[in-house]
>>> print(open('start-v3.pdb').read())   # PDB, C-alpha atoms
ATOM      1  CA  MET A   1     181.970  39.900  64.750
ATOM      2  CA  THR A   2     182.612  37.432  67.544
ATOM      3  CA  ILE A   3     186.060  36.212  68.522
ATOM      4  CA  CYS A   4     186.515  33.357  71.008
ATOM      5  CA  LEU A   5     189.534  32.030  72.820
ATOM      6  CA  SER A   6     190.658  28.544  71.903
ATOM      7  CA  ASP A   7     189.199  26.999  75.046
ATOM      8  CA  ARG A   8     185.786  28.555  74.199
ATOM      9  CA  ARG A   9     185.220  29.594  77.815
ATOM     10  CA  VAL A  10     185.558  33.315  77.127
ATOM     11  CA  CYS A  11     183.765  34.959  74.263
ATOM     12  CA  MET A  12     183.088  38.610  73.447
ATOM     13  CA  THR A  13     182.274  40.545  70.306
ATOM     14  CA  ILE A  14     184.807  43.142  69.192
ATOM     15  CA  ASN A  15     182.101  45.803  69.297
ATOM     16  CA  ASP A  16     181.316  44.949  72.927
ATOM     17  CA  ALA A  17     185.025  45.103  73.791
ATOM     18  CA  ILE A  18     185.351  48.524  72.098
ATOM     19  CA  TYR A  19     182.424  49.835  74.150
ATOM     20  CA  LYS A  20     183.910  48.463  77.378
ATOM     21  CA  LEU A  21     187.348  49.862  76.534
ATOM     22  CA  ASP A  22     185.832  53.306  75.975
ATOM     23  CA  ASN A  23     184.295  53.134  79.444
ATOM     24  CA  LEU A  24     187.649  51.971  80.798
ATOM     25  CA  PHE A  25     189.391  55.026  79.329
ATOM     26  CA  LEU A  26     186.768  57.215  80.982
ATOM     27  CA  LYS A  27     187.113  55.411  84.307
ATOM     28  CA  TYR A  28     190.881  55.960  84.490
ATOM     29  CA  ASN A  29     190.771  59.538  83.119
ATOM     30  CA  ILE A  30     192.599  58.646  79.934
ATOM     31  CA  LYS A  31     189.617  60.183  78.207
ATOM     32  CA  ASP A  32     186.708  62.382  79.233
ATOM     33  CA  LYS A  33     183.412  62.913  77.463
ATOM     34  CA  GLN A  34     184.663  66.075  75.729
ATOM     35  CA  ASN A  35     188.067  64.587  74.978
ATOM     36  CA  ILE A  36     187.178  62.675  71.829
ATOM     37  CA  LEU A  37     190.642  62.507  70.240
ATOM     38  CA  GLY A  38     192.796  63.871  73.053
ATOM     39  CA  TYR A  39     192.851  60.421  74.631
ATOM     40  CA  ARG A  40     195.638  59.620  72.164
ATOM     41  CA  ASN A  41     198.076  61.881  74.032
ATOM     42  CA  ASN A  42     196.833  60.622  77.395
ATOM     43  CA  PHE A  43     197.274  57.007  76.350
ATOM     44  CA  MET A  44     200.811  57.723  75.129
ATOM     45  CA  GLU A  45     201.599  59.210  78.537
ATOM     46  CA  TYR A  46     200.258  56.059  80.167
ATOM     47  CA  VAL A  47     202.443  53.806  78.024
ATOM     48  CA  LYS A  48     205.449  56.054  78.737
ATOM     49  CA  SER A  49     204.835  55.486  82.448
ATOM     50  CA  LEU A  50     205.286  51.730  81.941
ATOM     51  CA  GLU A  51     208.851  52.033  80.630
ATOM     52  CA  ARG A  52     211.247  49.851  82.643
ATOM     53  CA  LYS A  53     208.448  48.965  85.076
ATOM     54  CA  ASP A  54     207.522  45.481  86.237
ATOM     55  CA  LEU A  55     204.241  45.008  84.411
ATOM     56  CA  GLN A  56     203.308  42.038  86.554
ATOM     57  CA  GLN A  57     203.230  44.384  89.544
ATOM     58  CA  GLU A  58     201.120  46.852  87.545
ATOM     59  CA  TYR A  59     198.761  44.036  86.592
ATOM     60  CA  ASN A  60     198.479  42.873  90.206
ATOM     61  CA  LYS A  61     197.150  46.299  91.218
ATOM     62  CA  LYS A  62     193.967  45.368  89.315
ATOM     63  CA  GLU A  63     193.704  48.810  87.796
ATOM     64  CA  PHE A  64     193.824  49.846  84.114
ATOM     65  CA  LEU A  65     196.318  47.218  82.900
ATOM     66  CA  TYR A  66     194.426  44.415  84.615
ATOM     67  CA  GLU A  67     191.067  45.493  83.223
ATOM     68  CA  PHE A  68     192.487  46.074  79.739
ATOM     69  CA  MET A  69     194.029  42.607  79.746
ATOM     70  CA  GLU A  70     190.715  41.046  80.720
ATOM     71  CA  LEU A  71     189.134  42.672  77.661
ATOM     72  CA  GLN A  72     192.057  41.757  75.397
ATOM     73  CA  LYS A  73     192.020  38.112  76.449
ATOM     74  CA  ALA A  74     188.244  38.004  76.015
ATOM     75  CA  VAL A  75     188.547  38.788  72.286
ATOM     76  CA  GLY A  76     191.798  36.832  71.852
ATOM     77  CA  LEU A  77     195.442  37.869  71.865
ATOM     78  CA  SER A  78     195.672  37.717  68.071
ATOM     79  CA  VAL A  79     193.091  40.531  67.833
ATOM     80  CA  ASP A  80     194.368  44.115  68.062
ATOM     81  CA  LEU A  81     191.778  45.701  70.332
ATOM     82  CA  LEU A  82     193.506  49.103  70.324
ATOM     83  CA  ASN A  83     193.430  49.252  66.526
ATOM     84  CA  ASN A  84     189.714  48.474  66.421
ATOM     85  CA  TYR A  85     188.999  51.059  69.118
ATOM     86  CA  THR A  86     191.037  53.786  67.406
ATOM     87  CA  MET A  87     189.475  52.978  64.039
ATOM     88  CA  VAL A  88     185.961  53.500  65.400
ATOM     89  CA  LEU A  89     186.745  56.756  67.200
ATOM     90  CA  THR A  90     188.781  58.420  64.461
ATOM     91  CA  SER A  91     187.174  57.120  61.275
ATOM     92  CA  SER A  92     185.003  60.233  60.962
ATOM     93  CA  ASN A  93     187.971  62.633  61.306
ATOM     94  CA  LYS A  94     189.520  63.096  57.862
ATOM     95  CA  ASN A  95     192.127  65.539  59.177
ATOM     96  CA  LEU A  96     194.055  62.782  60.940
ATOM     97  CA  GLY A  97     195.013  61.130  57.674
ATOM     98  CA  GLN A  98     194.789  57.706  59.289
ATOM     99  CA  CYS A  99     194.355  54.444  57.410
ATOM    100  CA  PHE A 100     193.218  51.347  59.273
ATOM    101  CA  THR A 101     193.206  47.680  58.377
ATOM    102  CA  PRO A 102     189.901  46.082  59.470
ATOM    103  CA  HIS A 103     190.183  42.827  61.398
ATOM    104  CA  GLY A 104     188.721  40.764  58.555
ATOM    105  CA  LEU A 105     191.391  42.015  56.161
ATOM    106  CA  VAL A 106     194.082  41.436  58.795
ATOM    107  CA  GLU A 107     192.965  37.808  59.034
ATOM    108  CA  LEU A 108     193.089  37.428  55.244
ATOM    109  CA  LEU A 109     196.546  39.005  54.908
ATOM    110  CA  SER A 110     197.923  36.866  57.721
ATOM    111  CA  LYS A 111     196.493  33.721  56.181
ATOM    112  CA  LEU A 112     198.087  34.524  52.819
ATOM    113  CA  ILE A 113     201.453  35.284  54.429
ATOM    114  CA  VAL A 114     201.565  32.197  56.633
ATOM    115  CA  GLU A 115     200.117  29.646  54.229
ATOM    116  CA  GLU A 116     202.194  30.790  51.254
ATOM    117  CA  SER A 117     205.485  30.854  53.144
ATOM    118  CA  GLN A 118     207.840  28.002  52.260
ATOM    119  CA  ASP A 119     210.382  28.903  54.937
ATOM    120  CA  ASP A 120     209.930  27.005  58.206
ATOM    121  CA  ASN A 121     212.735  28.931  59.929
ATOM    122  CA  ILE A 122     211.146  32.376  60.088
ATOM    123  CA  THR A 123     212.017  34.191  63.333
ATOM    124  CA  THR A 124     211.327  37.839  62.414
ATOM    125  CA  PHE A 125     207.927  39.320  61.592
ATOM    126  CA  TYR A 126     208.333  42.723  59.918
ATOM    127  CA  ASP A 127     205.934  45.394  58.721
ATOM    128  CA  CYS A 128     207.295  48.571  57.095
ATOM    129  CA  ALA A 129     204.082  50.515  57.840
ATOM    130  CA  GLY A 130     202.840  48.566  60.803
ATOM    131  CA  GLY A 131     200.393  50.921  62.479
ATOM    132  CA  THR A 132     199.471  49.512  65.875
ATOM    133  CA  GLY A 133     200.850  46.104  64.898
ATOM    134  CA  SER A 134     197.601  44.388  63.872
ATOM    135  CA  THR A 135     198.814  42.453  60.841
ATOM    136  CA  VAL A 136     202.238  41.454  62.106
ATOM    137  CA  ILE A 137     200.878  40.301  65.487
ATOM    138  CA  LYS A 138     198.153  38.236  63.808
ATOM    139  CA  ALA A 139     200.766  36.711  61.498
ATOM    140  CA  TYR A 140     202.922  35.920  64.538
ATOM    141  CA  TYR A 141     200.116  33.995  66.239
ATOM    142  CA  ASP A 142     199.090  32.209  63.043
ATOM    143  CA  TRP A 143     202.707  31.217  62.462
ATOM    144  CA  GLN A 144     202.956  30.066  66.067
ATOM    145  CA  GLU A 145     199.943  27.831  65.556
ATOM    146  CA  LYS A 146     201.269  26.469  62.264
ATOM    147  CA  GLN A 147     204.754  25.713  63.585
ATOM    148  CA  ALA A 148     203.674  24.830  67.125
ATOM    149  CA  PHE A 149     206.557  26.731  68.717
ATOM    150  CA  ILE A 150     205.947  27.178  72.433
ATOM    151  CA  ASN A 151     207.776  30.354  73.361
ATOM    152  CA  SER A 152     208.985  33.541  71.727
ATOM    153  CA  PHE A 153     212.625  33.604  72.836
ATOM    154  CA  ASN A 154     214.013  33.412  69.289
ATOM    155  CA  HIS A 155     211.217  35.358  67.604
ATOM    156  CA  ILE A 156     210.890  39.084  67.192
ATOM    157  CA  ILE A 157     208.286  41.496  65.876
ATOM    158  CA  GLU A 158     209.735  44.458  63.981
ATOM    159  CA  VAL A 159     207.627  47.445  62.973
ATOM    160  CA  ASP A 160     208.291  50.794  61.289
ATOM    161  CA  GLU A 161     205.552  53.409  61.723
ATOM    162  CA  TYR A 162     205.374  57.175  61.190
ATOM    163  CA  ASP A 163     202.496  58.052  63.560
ATOM    164  CA  LEU A 164     203.816  58.295  67.128
ATOM    165  CA  TYR A 165     200.499  57.323  68.731
ATOM    166  CA  ASN A 166     200.446  54.148  66.668
ATOM    167  CA  CYS A 167     204.002  53.405  67.807
ATOM    168  CA  TYR A 168     202.978  53.587  71.447
ATOM    169  CA  CYS A 169     199.979  51.366  70.750
ATOM    170  CA  CYS A 170     202.256  48.915  68.955
ATOM    171  CA  ILE A 171     204.854  48.677  71.727
ATOM    172  CA  PHE A 172     202.015  48.324  74.238
ATOM    173  CA  ASN A 173     200.558  45.493  72.158
ATOM    174  CA  ILE A 174     203.938  43.760  72.157
ATOM    175  CA  ILE A 175     204.735  44.044  75.868
ATOM    176  CA  ILE A 176     201.297  42.947  77.101
ATOM    177  CA  ARG A 177     201.655  39.776  75.016
ATOM    178  CA  GLY A 178     205.101  38.984  76.393
ATOM    179  CA  LEU A 179     206.802  39.249  72.996
ATOM    180  CA  ASN A 180     210.155  40.570  71.794
ATOM    181  CA  GLY A 181     209.987  43.525  69.473
ATOM    182  CA  ILE A 182     211.478  46.610  67.867
ATOM    183  CA  VAL A 183     209.190  49.516  66.981
ATOM    184  CA  ARG A 184     210.662  52.451  65.087
ATOM    185  CA  ASN A 185     208.934  55.821  64.840
ATOM    186  CA  LYS A 186     210.206  56.318  61.309
ATOM    187  CA  ASN A 187     209.598  58.036  57.995
ATOM    188  CA  THR A 188     210.177  55.122  55.630
ATOM    189  CA  ILE A 189     210.303  57.462  52.606
ATOM    190  CA  THR A 190     213.170  59.602  53.895
ATOM    191  CA  ASN A 191     214.561  56.770  56.049
ATOM    192  CA  GLU A 192     214.639  59.127  59.049
ATOM    193  CA  THR A 193     214.154  57.487  62.457
ATOM    194  CA  PHE A 194     212.951  59.565  65.418
ATOM    195  CA  VAL A 195     212.479  57.099  68.299
ATOM    196  CA  VAL A 196     213.104  53.376  68.754
ATOM    197  CA  PHE A 197     211.247  51.196  71.254
ATOM    198  CA  ILE A 198     212.809  47.899  72.341
ATOM    199  CA  ALA A 199     210.744  45.173  74.035
ATOM    200  CA  THR A 200     212.298  42.078  75.600
ATOM    201  CA  ASN A 201     210.959  39.103  77.489
ATOM    202  CA  LYS A 202     213.760  37.620  79.584
ATOM    203  CA  MET A 203     213.779  34.003  80.673
ATOM    204  CA  THR A 204     213.201  33.333  84.361
ATOM    205  CA  TYR A 205     215.338  31.061  86.510
ATOM    206  CA  ASP A 206     213.339  27.986  85.449
ATOM    207  CA  TYR A 207     213.736  28.824  81.721
ATOM    208  CA  ASP A 208     210.132  29.867  81.455
ATOM    209  CA  PHE A 209     208.857  33.183  80.114
ATOM    210  CA  LYS A 210     207.161  35.992  81.933
ATOM    211  CA  TRP A 211     203.676  36.943  80.814
ATOM    212  CA  PHE A 212     204.733  40.554  80.184
ATOM    213  CA  SER A 213     207.787  42.030  78.466
ATOM    214  CA  ASP A 214     209.917  44.991  79.507
ATOM    215  CA  TYR A 215     210.533  47.934  77.206
ATOM    216  CA  LYS A 216     212.822  50.912  76.881
ATOM    217  CA  THR A 217     212.989  53.932  74.574
ATOM    218  CA  ILE A 218     216.072  54.848  72.543
ATOM    219  CA  GLN A 219     216.406  58.258  70.916
ATOM    220  CA  GLY A 220     218.951  60.926  70.012
ATOM    221  CA  ASP A 221     222.585  59.815  69.983
ATOM    222  CA  GLU A 222     221.663  56.457  71.530
ATOM    223  CA  MET A 223     220.052  55.406  68.248
ATOM    224  CA  TYR A 224     223.413  55.571  66.484
ATOM    225  CA  GLU A 225     224.919  53.299  69.115
ATOM    226  CA  PHE A 226     221.985  50.941  68.740
TER     227      PHE A 226
END
>>> encode(input="start-v3.pdb", output="structure tokens")
Amino acid sequence: MTICLSDRRVCMTINDAIYKLDNLFLKYNIKDKQNILGYRNNFMEYVKSLERKDLQQEYNKKEFLYEFMELQKAVGLSVDLLNNYTMVLTSSNKNLGQCFTPHGLVELLSKLIVEESQDDNITTFYDCAGGTGSTVIKAYYDWQEKQAFINSFNHIIEVDEYDLYNCYCCIFNIIIRGLNGIVRNKNTITNETFVVFIATNKMTYDYDFKWFSDYKTIQGDEMYEF
């Protein structure tokens, strides 16, 4: 499958991007050749390190974040590269109990949601079992295109997800796109919440938006205050 940006200048297949991302994980020691699934913990540690950091400064270092963003932009921001990567690497491991939504199905679900909606004032995009955020992020971008809204100041992505790795992927997906979001590590059956991630993109002095969002983690007693 090939995904192109709207200006058609950058084009890369998802499979090529997955291969390049795997090499990127190896390059920055997030994964080694024997560490087939352990990269999940290493990637979570990486995302933890970004909490309350200025991501623009991280990007300017031209290290992992910069190279990841180049891959992400090459396949398009509405595509969840992390989901596709994780799906390929873990699909053969039945013990993980993971279910993934392929990109083609994500596109179909988003199209049904956006085209069938009769409400032009939607500002919240919610998924009760959101995984890494694939469907809700795609719906956000499709809705953005349909409504032609320019920024995301009044829009928020809200996701509940039980798998902690997926939660870190989801909050990462939100902050690298400069969106506002709430991601809850939550058991939706028992309604028990373990950790909450909050992403915000604050307006700059000229009422423009930064490319990246900031995020913080809320847990323990803080969740009751929140």
>>> residues_around(input="start-v3.pdb", residues="Glu161 (chain A)", least_positions_apart="5", cutoff="6 Å", atoms="only C-alpha atoms", output="ChimeraX atom specification")
/A:129-131,185-186
>>> write_last_selection(input="start-v3.pdb", atoms="C-alpha atoms", output="CSV table (one decimal), in the frame of the given file")
chain,number,residue,atom,x,y,z
A,129,ALA,CA,204.1,50.5,57.8
A,130,GLY,CA,202.8,48.6,60.8
A,131,GLY,CA,200.4,50.9,62.5
A,185,ASN,CA,208.9,55.8,64.8
A,186,LYS,CA,210.2,56.3,61.3
>>> residues_around(input="start-v3.pdb", residues="Phe68 (chain A)", least_positions_apart="4", cutoff="10 Å", atoms="only C-alpha atoms", output="ChimeraX atom specification")
/A:17,20-21,24-25,59,62-64,72-74,81-82,176
>>> residues_around(input="start-v3.pdb", residues="Leu65 (chain A)", least_positions_apart="5", cutoff="12 Å", atoms="only C-alpha atoms", output="PDB file with C-alpha atoms, in the frame of the given file")
ATOM      1  CA  LEU A  21     187.348  49.862  76.534  1.00  0.00           C
ATOM      2  CA  LEU A  24     187.649  51.971  80.798  1.00  0.00           C
ATOM      3  CA  PHE A  25     189.391  55.026  79.329  1.00  0.00           C
ATOM      4  CA  TYR A  28     190.881  55.960  84.490  1.00  0.00           C
ATOM      5  CA  PHE A  43     197.274  57.007  76.350  1.00  0.00           C
ATOM      6  CA  TYR A  46     200.258  56.059  80.167  1.00  0.00           C
ATOM      7  CA  VAL A  47     202.443  53.806  78.024  1.00  0.00           C
ATOM      8  CA  SER A  49     204.835  55.486  82.448  1.00  0.00           C
ATOM      9  CA  LEU A  50     205.286  51.730  81.941  1.00  0.00           C
ATOM     10  CA  ASP A  54     207.522  45.481  86.237  1.00  0.00           C
ATOM     11  CA  LEU A  55     204.241  45.008  84.411  1.00  0.00           C
ATOM     12  CA  GLN A  56     203.308  42.038  86.554  1.00  0.00           C
ATOM     13  CA  GLN A  57     203.230  44.384  89.544  1.00  0.00           C
ATOM     14  CA  GLU A  58     201.120  46.852  87.545  1.00  0.00           C
ATOM     15  CA  TYR A  59     198.761  44.036  86.592  1.00  0.00           C
ATOM     16  CA  ASN A  60     198.479  42.873  90.206  1.00  0.00           C
ATOM     17  CA  GLU A  70     190.715  41.046  80.720  1.00  0.00           C
ATOM     18  CA  LEU A  71     189.134  42.672  77.661  1.00  0.00           C
ATOM     19  CA  GLN A  72     192.057  41.757  75.397  1.00  0.00           C
ATOM     20  CA  LYS A  73     192.020  38.112  76.449  1.00  0.00           C
ATOM     21  CA  PHE A 172     202.015  48.324  74.238  1.00  0.00           C
ATOM     22  CA  ASN A 173     200.558  45.493  72.158  1.00  0.00           C
ATOM     23  CA  ILE A 175     204.735  44.044  75.868  1.00  0.00           C
ATOM     24  CA  ILE A 176     201.297  42.947  77.101  1.00  0.00           C
ATOM     25  CA  PHE A 212     204.733  40.554  80.184  1.00  0.00           C
TER      26      PHE A 212
END
>>> closest_residue(input="start-v3.pdb", among="A:Asn166, A:Cys128, A:Arg40, A:Trp211", to="Asn191 (chain A)", atoms="only C-alpha atoms")
A:Cys128
>>> closest_residue(input="start-v3.pdb", among="A:Thr193, A:Thr132, A:Ile122, A:Asp160", to="Asn84 (chain A)", atoms="only C-alpha atoms")
A:Thr132
>>> closest_residue(input="start-v3.pdb", among="A:Leu26, A:Ile113, A:Ile182, A:Val88", to="His155 (chain A)", atoms="all atoms listed in the file")
A:Ile182
>>> resolve_selection(input="start-v3.pdb", expression="the PyMOL selection byres ((chain A and resi 135-140) around 8)", output="JSON, numbers by chain")
{"A": [78, 79, 80, 106, 107, 109, 110, 111, 113, 114, 125, 126, 127, 130, 133, 134, 141, 142, 143, 144, 157]}
>>> closest_residue(input="start-v3.pdb", among="A:Glu67, A:Glu158, A:Asp32, A:Asp16", to="Gly181 (chain A)", atoms="only C-alpha atoms")
A:Glu158
>>> closest_residue(input="start-v3.pdb", among="A:Tyr162, A:Leu77, A:Asn15, A:Thr217", to="Thr190 (chain A)", atoms="all atoms listed in the file")
A:Tyr162
>>> atom_distance(input="start-v3.pdb", atom1="CA of Lys202 (chain A)", atom2="CA of Cys170 (chain A)")
19.3 Å
>>> closest_residue(input="start-v3.pdb", among="A:Lys61, A:Lys27, A:Lys48, A:Lys33", to="Cys169 (chain A)", atoms="all atoms listed in the file")
A:Lys48
>>> atom_distance(input="start-v3.pdb", atom1="CA of Gly76 (chain A)", atom2="CA of Asn201 (chain A)")
20.1 Å
>>> atom_distance(input="start-v3.pdb", atom1="CA of Ile171 (chain A)", atom2="CA of Val183 (chain A)")
6.5 Å
